[in-house]
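S.K.: One file is attached below, run-v1.pdb, containing PDB, C-alpha atoms and all ligand atoms.
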```pdb
ATOM      1  CA  MET T1210     -84.019-117.796  81.974  1.00  0.00           C
ATOM      2  CA  THR T1211     -85.924-114.775  83.190  1.00  0.00           C
ATOM      3  CA  VAL T1212     -89.508-114.325  84.306  1.00  0.00           C
ATOM      4  CA  HIS T1213     -90.710-113.760  80.733  1.00  0.00           C
ATOM      5  CA  ILE T1214     -87.953-115.171  78.523  1.00  0.00           C
ATOM      6  CA  GLY T1215     -87.110-118.873  78.540  1.00  0.00           C
ATOM      7  CA  ALA T1216     -83.854-118.527  76.567  1.00  0.00           C
ATOM      8  CA  GLN T1217     -80.650-119.949  78.001  1.00  0.00           C
ATOM      9  CA  PRO T1218     -77.717-117.586  78.656  1.00  0.00           C
ATOM     10  CA  GLY T1219     -76.012-117.085  75.286  1.00  0.00           C
ATOM     11  CA  ASP T1220     -79.152-117.864  73.273  1.00  0.00           C
ATOM     12  CA  ILE T1221     -79.849-114.180  72.627  1.00  0.00           C
ATOM     13  CA  ALA T1222     -77.680-112.215  70.172  1.00  0.00           C
ATOM     14  CA  GLU T1223     -76.289-108.748  70.943  1.00  0.00           C
ATOM     15  CA  THR T1224     -78.502-107.403  68.129  1.00  0.00           C
ATOM     16  CA  VAL T1225     -82.247-107.799  68.643  1.00  0.00           C
ATOM     17  CA  LEU T1226     -85.035-106.853  66.235  1.00  0.00           C
ATOM     18  CA  LEU T1227     -88.364-106.285  67.966  1.00  0.00           C
ATOM     19  CA  PRO T1228     -91.635-106.623  66.044  1.00  0.00           C
ATOM     20  CA  GLY T1229     -94.779-106.252  68.162  1.00  0.00           C
ATOM     21  CA  ASP T1230     -96.310-109.457  66.822  1.00  0.00           C
ATOM     22  CA  PRO T1231     -94.670-112.789  67.766  1.00  0.00           C
ATOM     23  CA  TYR T1232     -95.784-114.326  64.453  1.00  0.00           C
ATOM     24  CA  ARG T1233     -94.055-111.499  62.619  1.00  0.00           C
ATOM     25  CA  ALA T1234     -90.913-112.463  64.538  1.00  0.00           C
ATOM     26  CA  LYS T1235     -91.328-116.042  63.283  1.00  0.00           C
ATOM     27  CA  TRP T1236     -91.944-114.919  59.704  1.00  0.00           C
ATOM     28  CA  ALA T1237     -88.990-112.494  59.683  1.00  0.00           C
ATOM     29  CA  ALA T1238     -86.615-115.057  61.210  1.00  0.00           C
ATOM     30  CA  GLU T1239     -87.656-117.773  58.750  1.00  0.00           C
ATOM     31  CA  THR T1240     -87.510-115.365  55.793  1.00  0.00           C
ATOM     32  CA  PHE T1241     -84.282-113.442  56.454  1.00  0.00           C
ATOM     33  CA  LEU T1242     -82.116-115.532  58.806  1.00  0.00           C
ATOM     34  CA  THR T1243     -80.337-118.865  58.456  1.00  0.00           C
ATOM     35  CA  ASP T1244     -79.657-121.454  61.193  1.00  0.00           C
ATOM     36  CA  VAL T1245     -82.795-120.272  62.996  1.00  0.00           C
ATOM     37  CA  LYS T1246     -83.453-121.524  66.517  1.00  0.00           C
ATOM     38  CA  LEU T1247     -86.553-120.850  68.640  1.00  0.00           C
ATOM     39  CA  VAL T1248     -85.211-119.351  71.889  1.00  0.00           C
ATOM     40  CA  ASN T1249     -88.384-118.230  73.645  1.00  0.00           C
ATOM     41  CA  GLU T1250     -92.044-119.143  73.694  1.00  0.00           C
ATOM     42  CA  VAL T1251     -93.081-118.158  77.221  1.00  0.00           C
ATOM     43  CA  ARG T1252     -96.672-116.836  77.108  1.00  0.00           C
ATOM     44  CA  GLY T1253     -96.617-117.330  73.327  1.00  0.00           C
ATOM     45  CA  MET T1254     -94.110-114.486  72.900  1.00  0.00           C
ATOM     46  CA  LEU T1255     -91.810-115.994  70.293  1.00  0.00           C
ATOM     47  CA  GLY T1256     -88.097-115.220  69.950  1.00  0.00           C
ATOM     48  CA  PHE T1257     -85.703-116.661  67.366  1.00  0.00           C
ATOM     49  CA  THR T1258     -81.939-116.432  66.971  1.00  0.00           C
ATOM     50  CA  GLY T1259     -80.191-116.996  63.649  1.00  0.00           C
ATOM     51  CA  MET T1260     -77.588-115.622  61.269  1.00  0.00           C
ATOM     52  CA  TRP T1261     -77.782-112.787  58.742  1.00  0.00           C
ATOM     53  CA  LYS T1262     -74.776-112.276  56.439  1.00  0.00           C
ATOM     54  CA  GLY T1263     -72.422-113.753  59.032  1.00  0.00           C
ATOM     55  CA  ASN T1264     -73.939-111.778  61.923  1.00  0.00           C
ATOM     56  CA  ARG T1265     -75.884-113.251  64.824  1.00  0.00           C
ATOM     57  CA  VAL T1266     -79.352-111.741  65.280  1.00  0.00           C
ATOM     58  CA  THR T1267     -82.333-112.350  67.551  1.00  0.00           C
ATOM     59  CA  ILE T1268     -85.844-111.448  66.411  1.00  0.00           C
ATOM     60  CA  HIS T1269     -88.154-111.311  69.427  1.00  0.00           C
ATOM     61  CA  GLY T1270     -91.745-110.102  69.811  1.00  0.00           C
ATOM     62  CA  SER T1271     -92.327-107.092  72.068  1.00  0.00           C
ATOM     63  CA  GLY T1272     -96.099-107.328  72.377  1.00  0.00           C
ATOM     64  CA  MET T1273     -98.280-104.269  71.935  1.00  0.00           C
ATOM     65  CA  GLY T1274     -97.808-101.098  73.962  1.00  0.00           C
ATOM     66  CA  MET T1275     -94.999 -99.722  76.088  1.00  0.00           C
ATOM     67  CA  PRO T1276     -95.624-101.743  79.282  1.00  0.00           C
ATOM     68  CA  SER T1277     -95.253-104.997  77.323  1.00  0.00           C
ATOM     69  CA  LEU T1278     -92.197-103.830  75.389  1.00  0.00           C
ATOM     70  CA  SER T1279     -90.644-102.590  78.630  1.00  0.00           C
ATOM     71  CA  ILE T1280     -90.781-106.065  80.200  1.00  0.00           C
ATOM     72  CA  TYR T1281     -88.995-107.734  77.278  1.00  0.00           C
ATOM     73  CA  VAL T1282     -86.462-104.971  76.680  1.00  0.00           C
ATOM     74  CA  ASN T1283     -85.523-104.763  80.382  1.00  0.00           C
ATOM     75  CA  GLU T1284     -84.828-108.502  80.424  1.00  0.00           C
ATOM     76  CA  LEU T1285     -83.079-108.512  77.025  1.00  0.00           C
ATOM     77  CA  ILE T1286     -80.755-105.727  78.174  1.00  0.00           C
ATOM     78  CA  LYS T1287     -80.141-106.605  81.829  1.00  0.00           C
ATOM     79  CA  ASP T1288     -80.186-110.396  81.723  1.00  0.00           C
ATOM     80  CA  TYR T1289     -79.123-111.224  78.162  1.00  0.00           C
ATOM     81  CA  GLY T1290     -76.794-108.302  77.343  1.00  0.00           C
ATOM     82  CA  ALA T1291     -78.606-107.010  74.231  1.00  0.00           C
ATOM     83  CA  LYS T1292     -76.662-104.029  72.865  1.00  0.00           C
ATOM     84  CA  THR T1293     -78.503-102.969  69.705  1.00  0.00           C
ATOM     85  CA  LEU T1294     -82.313-103.023  69.776  1.00  0.00           C
ATOM     86  CA  ILE T1295     -84.375-102.085  66.745  1.00  0.00           C
ATOM     87  CA  ARG T1296     -88.154-101.984  66.779  1.00  0.00           C
ATOM     88  CA  ILE T1297     -89.708-103.051  63.475  1.00  0.00           C
ATOM     89  CA  GLY T1298     -93.422-102.362  63.400  1.00  0.00           C
ATOM     90  CA  SER T1299     -96.325-100.533  61.891  1.00  0.00           C
ATOM     91  CA  CYS T1300     -97.636 -97.050  62.477  1.00  0.00           C
ATOM     92  CA  GLY T1301    -100.440 -94.747  61.425  1.00  0.00           C
ATOM     93  CA  GLY T1302     -99.426 -91.895  59.100  1.00  0.00           C
ATOM     94  CA  MET T1303    -100.057 -88.351  60.391  1.00  0.00           C
ATOM     95  CA  GLN T1304     -98.886 -86.069  57.554  1.00  0.00           C
ATOM     96  CA  ASP T1305    -100.143 -85.667  53.986  1.00  0.00           C
ATOM     97  CA  SER T1306     -96.590 -86.204  52.738  1.00  0.00           C
ATOM     98  CA  VAL T1307     -96.451 -89.607  54.463  1.00  0.00           C
ATOM     99  CA  LYS T1308     -98.172 -92.325  52.421  1.00  0.00           C
ATOM    100  CA  VAL T1309     -99.331 -95.812  53.300  1.00  0.00           C
ATOM    101  CA  ARG T1310     -96.433 -98.265  52.570  1.00  0.00           C
ATOM    102  CA  ASP T1311     -93.787 -95.583  53.265  1.00  0.00           C
ATOM    103  CA  VAL T1312     -91.152 -96.218  55.904  1.00  0.00           C
ATOM    104  CA  ILE T1313     -90.587 -93.922  58.887  1.00  0.00           C
ATOM    105  CA  VAL T1314     -87.281 -93.897  60.753  1.00  0.00           C
ATOM    106  CA  ALA T1315     -88.085 -92.432  64.163  1.00  0.00           C
ATOM    107  CA  MET T1316     -85.645 -89.752  65.315  1.00  0.00           C
ATOM    108  CA  THR T1317     -87.666 -88.884  68.447  1.00  0.00           C
ATOM    109  CA  ALA T1318     -90.776 -90.254  70.133  1.00  0.00           C
ATOM    110  CA  THR T1319     -93.218 -87.851  71.795  1.00  0.00           C
ATOM    111  CA  THR T1320     -95.543 -89.216  74.485  1.00  0.00           C
ATOM    112  CA  LEU T1321     -98.132 -88.319  77.079  1.00  0.00           C
ATOM    113  CA  SER T1322     -96.506 -90.843  79.376  1.00  0.00           C
ATOM    114  CA  THR T1323     -94.269 -93.918  79.381  1.00  0.00           C
ATOM    115  CA  PRO T1324     -93.530 -96.658  81.935  1.00  0.00           C
ATOM    116  CA  SER T1325     -90.508 -94.493  82.839  1.00  0.00           C
ATOM    117  CA  ARG T1326     -92.782 -91.704  84.088  1.00  0.00           C
ATOM    118  CA  GLY T1327     -92.132 -92.739  87.679  1.00  0.00           C
ATOM    119  CA  ILE T1328     -88.397 -92.148  87.277  1.00  0.00           C
ATOM    120  CA  PHE T1329     -88.574 -88.873  85.395  1.00  0.00           C
ATOM    121  CA  LYS T1330     -91.330 -87.348  87.581  1.00  0.00           C
ATOM    122  CA  GLU T1331     -91.790 -83.705  86.520  1.00  0.00           C
ATOM    123  CA  MET T1332     -89.101 -83.993  83.833  1.00  0.00           C
ATOM    124  CA  ASN T1333     -90.124 -84.342  80.185  1.00  0.00           C
ATOM    125  CA  PHE T1334     -87.238 -86.485  78.981  1.00  0.00           C
ATOM    126  CA  ALA T1335     -86.820 -86.468  75.180  1.00  0.00           C
ATOM    127  CA  PRO T1336     -86.494 -90.080  73.970  1.00  0.00           C
ATOM    128  CA  CYS T1337     -84.356 -90.153  70.833  1.00  0.00           C
ATOM    129  CA  ALA T1338     -82.819 -92.747  68.525  1.00  0.00           C
ATOM    130  CA  ASP T1339     -79.164 -93.698  68.292  1.00  0.00           C
ATOM    131  CA  TYR T1340     -77.737 -91.410  65.626  1.00  0.00           C
ATOM    132  CA  GLY T1341     -75.471 -94.011  64.003  1.00  0.00           C
ATOM    133  CA  LEU T1342     -78.367 -96.453  63.591  1.00  0.00           C
ATOM    134  CA  LEU T1343     -80.650 -93.675  62.376  1.00  0.00           C
ATOM    135  CA  ARG T1344     -78.193 -92.563  59.727  1.00  0.00           C
ATOM    136  CA  ALA T1345     -77.434 -96.123  58.619  1.00  0.00           C
ATOM    137  CA  ALA T1346     -81.163 -96.918  58.331  1.00  0.00           C
ATOM    138  CA  ALA T1347     -81.802 -93.772  56.283  1.00  0.00           C
ATOM    139  CA  ASP T1348     -78.872 -94.697  53.992  1.00  0.00           C
ATOM    140  CA  ALA T1349     -80.089 -98.301  53.635  1.00  0.00           C
ATOM    141  CA  ALA T1350     -83.629 -97.129  52.818  1.00  0.00           C
ATOM    142  CA  GLU T1351     -82.331 -94.685  50.217  1.00  0.00           C
ATOM    143  CA  ALA T1352     -80.153 -97.360  48.601  1.00  0.00           C
ATOM    144  CA  LYS T1353     -83.240 -99.603  48.362  1.00  0.00           C
ATOM    145  CA  GLY T1354     -85.325 -96.839  46.816  1.00  0.00           C
ATOM    146  CA  THR T1355     -87.904 -97.116  49.611  1.00  0.00           C
ATOM    147  CA  ALA T1356     -89.936 -93.949  50.213  1.00  0.00           C
ATOM    148  CA  THR T1357     -88.675 -93.010  53.664  1.00  0.00           C
ATOM    149  CA  HIS T1358     -89.244 -90.203  56.156  1.00  0.00           C
ATOM    150  CA  VAL T1359     -86.947 -89.419  59.078  1.00  0.00           C
ATOM    151  CA  GLY T1360     -88.364 -87.416  61.969  1.00  0.00           C
ATOM    152  CA  GLY T1361     -90.501 -87.411  65.093  1.00  0.00           C
ATOM    153  CA  ILE T1362     -93.215 -89.926  65.874  1.00  0.00           C
ATOM    154  CA  TYR T1363     -95.858 -90.174  68.613  1.00  0.00           C
ATOM    155  CA  SER T1364     -95.829 -93.188  70.946  1.00  0.00           C
ATOM    156  CA  SER T1365     -99.405 -93.383  72.199  1.00  0.00           C
ATOM    157  CA  ASP T1366    -100.834 -95.463  75.039  1.00  0.00           C
ATOM    158  CA  VAL T1367    -104.051 -96.090  73.154  1.00  0.00           C
ATOM    159  CA  PHE T1368    -104.978 -97.522  69.783  1.00  0.00           C
ATOM    160  CA  TYR T1369    -108.639 -96.548  70.182  1.00  0.00           C
ATOM    161  CA  ASP T1370    -107.984 -92.887  70.680  1.00  0.00           C
ATOM    162  CA  GLU T1371    -110.547 -90.593  72.329  1.00  0.00           C
ATOM    163  CA  ARG T1372    -108.493 -87.394  72.077  1.00  0.00           C
ATOM    164  CA  PRO T1373    -108.602 -86.096  68.496  1.00  0.00           C
ATOM    165  CA  ASP T1374    -107.358 -82.728  69.812  1.00  0.00           C
ATOM    166  CA  LEU T1375    -104.022 -84.312  70.787  1.00  0.00           C
ATOM    167  CA  ASN T1376    -103.616 -85.885  67.355  1.00  0.00           C
ATOM    168  CA  GLU T1377    -104.309 -82.457  65.844  1.00  0.00           C
ATOM    169  CA  GLN T1378    -101.451 -80.996  67.878  1.00  0.00           C
ATOM    170  CA  MET T1379     -99.147 -83.817  66.814  1.00  0.00           C
ATOM    171  CA  VAL T1380    -100.008 -83.222  63.141  1.00  0.00           C
ATOM    172  CA  ARG T1381     -99.517 -79.487  63.603  1.00  0.00           C
ATOM    173  CA  HIS T1382     -96.075 -80.063  65.107  1.00  0.00           C
ATOM    174  CA  GLY T1383     -94.882 -82.227  62.216  1.00  0.00           C
ATOM    175  CA  ILE T1384     -95.145 -85.650  63.844  1.00  0.00           C
ATOM    176  CA  LEU T1385     -94.918 -88.222  61.051  1.00  0.00           C
ATOM    177  CA  GLY T1386     -96.821 -91.159  62.532  1.00  0.00           C
ATOM    178  CA  VAL T1387     -98.282 -92.816  65.610  1.00  0.00           C
ATOM    179  CA  GLU T1388     -97.426 -96.167  67.168  1.00  0.00           C
ATOM    180  CA  MET T1389     -97.283 -97.503  70.725  1.00  0.00           C
ATOM    181  CA  GLU T1390     -93.769 -98.685  71.697  1.00  0.00           C
ATOM    182  CA  ALA T1391     -90.767 -96.659  70.503  1.00  0.00           C
ATOM    183  CA  ALA T1392     -90.524 -94.057  73.295  1.00  0.00           C
ATOM    184  CA  GLU T1393     -89.999 -96.601  76.049  1.00  0.00           C
ATOM    185  CA  LEU T1394     -87.473 -98.490  73.919  1.00  0.00           C
ATOM    186  CA  TYR T1395     -85.511 -95.235  73.557  1.00  0.00           C
ATOM    187  CA  ASN T1396     -85.822 -94.499  77.286  1.00  0.00           C
ATOM    188  CA  LEU T1397     -84.444 -97.910  78.245  1.00  0.00           C
ATOM    189  CA  ALA T1398     -81.607 -97.731  75.722  1.00  0.00           C
ATOM    190  CA  ALA T1399     -80.616 -94.313  77.095  1.00  0.00           C
ATOM    191  CA  ARG T1400     -80.740 -95.593  80.692  1.00  0.00           C
ATOM    192  CA  HIS T1401     -78.524 -98.586  79.971  1.00  0.00           C
ATOM    193  CA  GLY T1402     -76.209 -97.104  77.340  1.00  0.00           C
ATOM    194  CA  ARG T1403     -77.499 -99.248  74.465  1.00  0.00           C
ATOM    195  CA  ARG T1404     -78.295 -98.387  70.849  1.00  0.00           C
ATOM    196  CA  ALA T1405     -81.948 -98.198  69.809  1.00  0.00           C
ATOM    197  CA  LEU T1406     -83.999 -97.312  66.758  1.00  0.00           C
ATOM    198  CA  ALA T1407     -87.532 -97.758  65.458  1.00  0.00           C
ATOM    199  CA  VAL T1408     -88.110 -98.443  61.763  1.00  0.00           C
ATOM    200  CA  LEU T1409     -91.817 -98.381  60.942  1.00  0.00           C
ATOM    201  CA  THR T1410     -94.051 -99.166  57.993  1.00  0.00           C
ATOM    202  CA  VAL T1411     -97.074 -96.914  57.535  1.00  0.00           C
ATOM    203  CA  SER T1412     -99.937 -99.430  57.654  1.00  0.00           C
ATOM    204  CA  ASP T1413    -102.821 -96.966  57.893  1.00  0.00           C
ATOM    205  CA  HIS T1414    -103.397 -93.235  57.748  1.00  0.00           C
ATOM    206  CA  LEU T1415    -105.122 -91.046  60.310  1.00  0.00           C
ATOM    207  CA  LEU T1416    -105.850 -88.216  57.846  1.00  0.00           C
ATOM    208  CA  THR T1417    -107.070 -90.245  54.863  1.00  0.00           C
ATOM    209  CA  GLY T1418    -108.463 -93.354  56.585  1.00  0.00           C
ATOM    210  CA  GLU T1419    -106.562 -95.496  54.065  1.00  0.00           C
ATOM    211  CA  ALA T1420    -105.238 -98.865  55.249  1.00  0.00           C
ATOM    212  CA  LEU T1421    -102.678-101.210  53.709  1.00  0.00           C
ATOM    213  CA  PRO T1422    -104.400-104.244  52.165  1.00  0.00           C
ATOM    214  CA  SER T1423    -103.328-107.390  53.998  1.00  0.00           C
ATOM    215  CA  GLU T1424    -101.722-108.902  50.864  1.00  0.00           C
ATOM    216  CA  ASP T1425     -99.332-105.917  50.665  1.00  0.00           C
ATOM    217  CA  ARG T1426     -98.224-106.104  54.276  1.00  0.00           C
ATOM    218  CA  GLU T1427     -95.658-108.850  53.840  1.00  0.00           C
ATOM    219  CA  LYS T1428     -93.680-107.079  51.099  1.00  0.00           C
ATOM    220  CA  THR T1429     -93.578-103.714  52.862  1.00  0.00           C
ATOM    221  CA  PHE T1430     -92.751-105.404  56.165  1.00  0.00           C
ATOM    222  CA  GLY T1431     -89.880-107.225  54.443  1.00  0.00           C
ATOM    223  CA  ASP T1432     -88.331-103.953  53.231  1.00  0.00           C
ATOM    224  CA  MET T1433     -88.395-102.689  56.811  1.00  0.00           C
ATOM    225  CA  VAL T1434     -86.711-105.847  58.182  1.00  0.00           C
ATOM    226  CA  GLU T1435     -83.910-105.521  55.615  1.00  0.00           C
ATOM    227  CA  ILE T1436     -83.429-101.829  56.416  1.00  0.00           C
ATOM    228  CA  ALA T1437     -83.182-102.675  60.137  1.00  0.00           C
ATOM    229  CA  LEU T1438     -80.676-105.494  59.528  1.00  0.00           C
ATOM    230  CA  GLU T1439     -78.524-103.347  57.262  1.00  0.00           C
ATOM    231  CA  ALA T1440     -78.556-100.510  59.822  1.00  0.00           C
ATOM    232  CA  ALA T1441     -77.627-102.843  62.685  1.00  0.00           C
ATOM    233  CA  PHE T1442     -74.504-104.116  60.940  1.00  0.00           C
ATOM    234  CA  ALA T1443     -73.497-101.047  58.892  1.00  0.00           C
TER     235      ALA T1443
HETATM  236  N1  LIG K1501    -102.406 -95.899  66.365  1.00  0.00           N
HETATM  237  C1  LIG K1501    -101.535 -96.507  67.188  1.00  0.00           C
HETATM  238  N2  LIG K1501    -100.716 -97.452  66.790  1.00  0.00           N
HETATM  239  C2  LIG K1501    -100.747 -97.813  65.499  1.00  0.00           C
HETATM  240  C3  LIG K1501    -101.618 -97.231  64.600  1.00  0.00           C
HETATM  241  C4  LIG K1501    -102.491 -96.219  65.049  1.00  0.00           C
HETATM  242  O1  LIG K1501    -103.281 -95.645  64.299  1.00  0.00           O
HETATM  243  N3  LIG K1501    -101.423 -97.831  63.399  1.00  0.00           N
HETATM  244  C5  LIG K1501    -100.461 -98.752  63.565  1.00  0.00           C
HETATM  245  N4  LIG K1501    -100.041 -98.752  64.841  1.00  0.00           N
END
```
For this file, produce the structure as structure tokens.
Ligand code: HPA

M.R.:
Amino acid sequence: MTVHIGAQPGDIAETVLLPGDPYRAKWAAETFLTDVKLVNEVRGMLGFTGMWKGNRVTIHGSGMGMPSLSIYVNELIKDYGAKTLIRIGSCGGMQDSVKVRDVIVAMTATTLSTPSRGIFKEMNFAPCADYGLLRAAADAAEAKGTATHVGGIYSSDVFYDERPDLNEQMVRHGILGVEMEAAELYNLAARHGRRALAVLTVSDHLLTGEALPSEDREKTFGDMVEIALEAAFA
């Protein structure tokens, strides 16, 4: 047990999928895994371990934003030995070529700041995905016929953004979408020599204002979970 995770040693698999929402973790575990066991519910942050095609997997909520994700990922890595960590979540589209429902596989994650700022000080470290996972996810998405984009994303500290000028610069520099967690996941994976990736569904669009109807979310979220699982065990 750790401060924020009630799992026993051995309850957490080496491969961990990380949706922001704990109820998404429950849904994904019940939908895609067999032999599912609840391994954490401290503070309502649910984690489940089960089997996928003969492989042991944990699906654990990260919460919203980098400080929350950082707590769980630090404990999953340092105390439970997680080796492959894949964020599965939603993002806002930032390019005309990126449509609602498309999948983004995040090669890099640009930020204003992350919880690792204190370590890096004046350095602008470039958080990037594990190449093997990135390639396997792109291959899995292509095999599924899912419209997928591979490139840079923006990990923001705010959902209710007051700096449209920054978003303009992100769009101008080809950033595909905005979310709030991937950069710190990549920082922590780099620091501890683990593999990390973020696979994201475009749930809304900053340029068009379009948003995915709630009835469509489950199907598109499911494609993303399968892409993440296939990448993890490719
Ligand atoms: N901003 C930040 N995070 C998000 C968004 C957004 O527009 N959409 C989904 N996650």

S.K.: Which residues form the shell of 12 Å around ligand LIG 1501 (chain K) when you count all atoms listed in the file, given as a ChimeraX atom specification?

M.R.: /T:1228-1230,1273-1275,1297-1303,1309-1310,1313,1320,1362-1373,1376,1385-1391,1409-1421

S.K.: Tell me which residues the PyMOL selection byres (((chain T and resi 1261-1266) around 9) and not hetatm) grabs here, as a list in words.

M.R.: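 So the PyMOL selection byres (((chain T and resi 1261-1266) around 9) and not hetatm) ends up selecting Ile1221, Ala1222, Glu1223, Thr1224, Val1225, Leu1226, Ala1238, Phe1241, Leu1242, Thr1243, Phe1257, Thr1258, Gly1259, Met1260, Thr1267, Ile1268, Leu1438 and Phe1442 of chain T.
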
S.K.: Dump C-alpha atoms for the selected residues as a PDB file, in the frame of the given file?

M.R.:
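Here's the written file selection.pdb:
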```
ATOM      1  CA  ILE T1221     -79.849-114.180  72.627  1.00  0.00           C
ATOM      2  CA  ALA T1222     -77.680-112.215  70.172  1.00  0.00           C
ATOM      3  CA  GLU T1223     -76.289-108.748  70.943  1.00  0.00           C
ATOM      4  CA  THR T1224     -78.502-107.403  68.129  1.00  0.00           C
ATOM      5  CA  VAL T1225     -82.247-107.799  68.643  1.00  0.00           C
ATOM      6  CA  LEU T1226     -85.035-106.853  66.235  1.00  0.00           C
ATOM      7  CA  ALA T1238     -86.615-115.057  61.210  1.00  0.00           C
ATOM      8  CA  PHE T1241     -84.282-113.442  56.454  1.00  0.00           C
ATOM      9  CA  LEU T1242     -82.116-115.532  58.806  1.00  0.00           C
ATOM     10  CA  THR T1243     -80.337-118.865  58.456  1.00  0.00           C
ATOM     11  CA  PHE T1257     -85.703-116.661  67.366  1.00  0.00           C
ATOM     12  CA  THR T1258     -81.939-116.432  66.971  1.00  0.00           C
ATOM     13  CA  GLY T1259     -80.191-116.996  63.649  1.00  0.00           C
ATOM     14  CA  MET T1260     -77.588-115.622  61.269  1.00  0.00           C
ATOM     15  CA  THR T1267     -82.333-112.350  67.551  1.00  0.00           C
ATOM     16  CA  ILE T1268     -85.844-111.448  66.411  1.00  0.00           C
ATOM     17  CA  LEU T1438     -80.676-105.494  59.528  1.00  0.00           C
ATOM     18  CA  PHE T1442     -74.504-104.116  60.940  1.00  0.00           C
TER      19      PHE T1442
END
```

S.K.: Just the residues within 12 Å of T:Gly1402, please, counting only C-alpha atoms, with nothing from its chain fewer than 5 positions along; format it as a list in words.

M.R.: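 After dropping sequence-adjacent residues, the list is Ile1286, Lys1287, Gly1290, Ala1291, Lys1292, Thr1293, Leu1294, Ala1338, Asp1339, Leu1394, Tyr1395, Asn1396 and Leu1397 of chain T.
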
S.K.: Which one of T:Leu1285, T:Ala1234, T:Ala1405, T:Ala1399 sits closest to T:Gln1217 if you count all atoms listed in the file?

M.R.: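 Using all atoms listed in the file, the shortest distance to T:Gln1217 belongs to T:Leu1285.
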
S.K.: Nearest residue to T:Ala1392 out of T:Gly1431, T:Gly1341, T:Pro1324, T:Gly1354, using all atoms listed in the file?

M.R.: T:Pro1324

S.K.: Write out as a PyMOL selection string each polymer residue whose atoms come within 10 Å of T:Glu1284, counting all atoms listed in the file; drop sequence neighbours fewer than 3 positions from it.

M.R.: chain T and resi 1210-1214+1279-1281+1287-1291

S.K.: Could you expand the PyMOL selection byres (((chain T and resi 1407) around 6) and not hetatm) into the explicit residues it covers here, written as a list of chain:residue names?

M.R.: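 Evaluating the PyMOL selection byres (((chain T and resi 1407) around 6) and not hetatm) on these coordinates yields T:Ile1295, T:Arg1296, T:Ala1315, T:Leu1406, T:Val1408.
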
S.K.: Please enumerate the residues selected by the PyMOL selection byres (((chain T and resi 1440) around 9) and not hetatm) when evaluated against the supplied file, formatted as a list in words.

M.R.: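 This file gives the following for the PyMOL selection byres (((chain T and resi 1440) around 9) and not hetatm): Gly1341, Leu1342, Leu1343, Arg1344, Ala1345, Ala1346, Ala1347, Asp1348, Ala1349, Glu1435, Ile1436, Ala1437, Leu1438, Glu1439, Ala1441, Phe1442 and Ala1443 of chain T.
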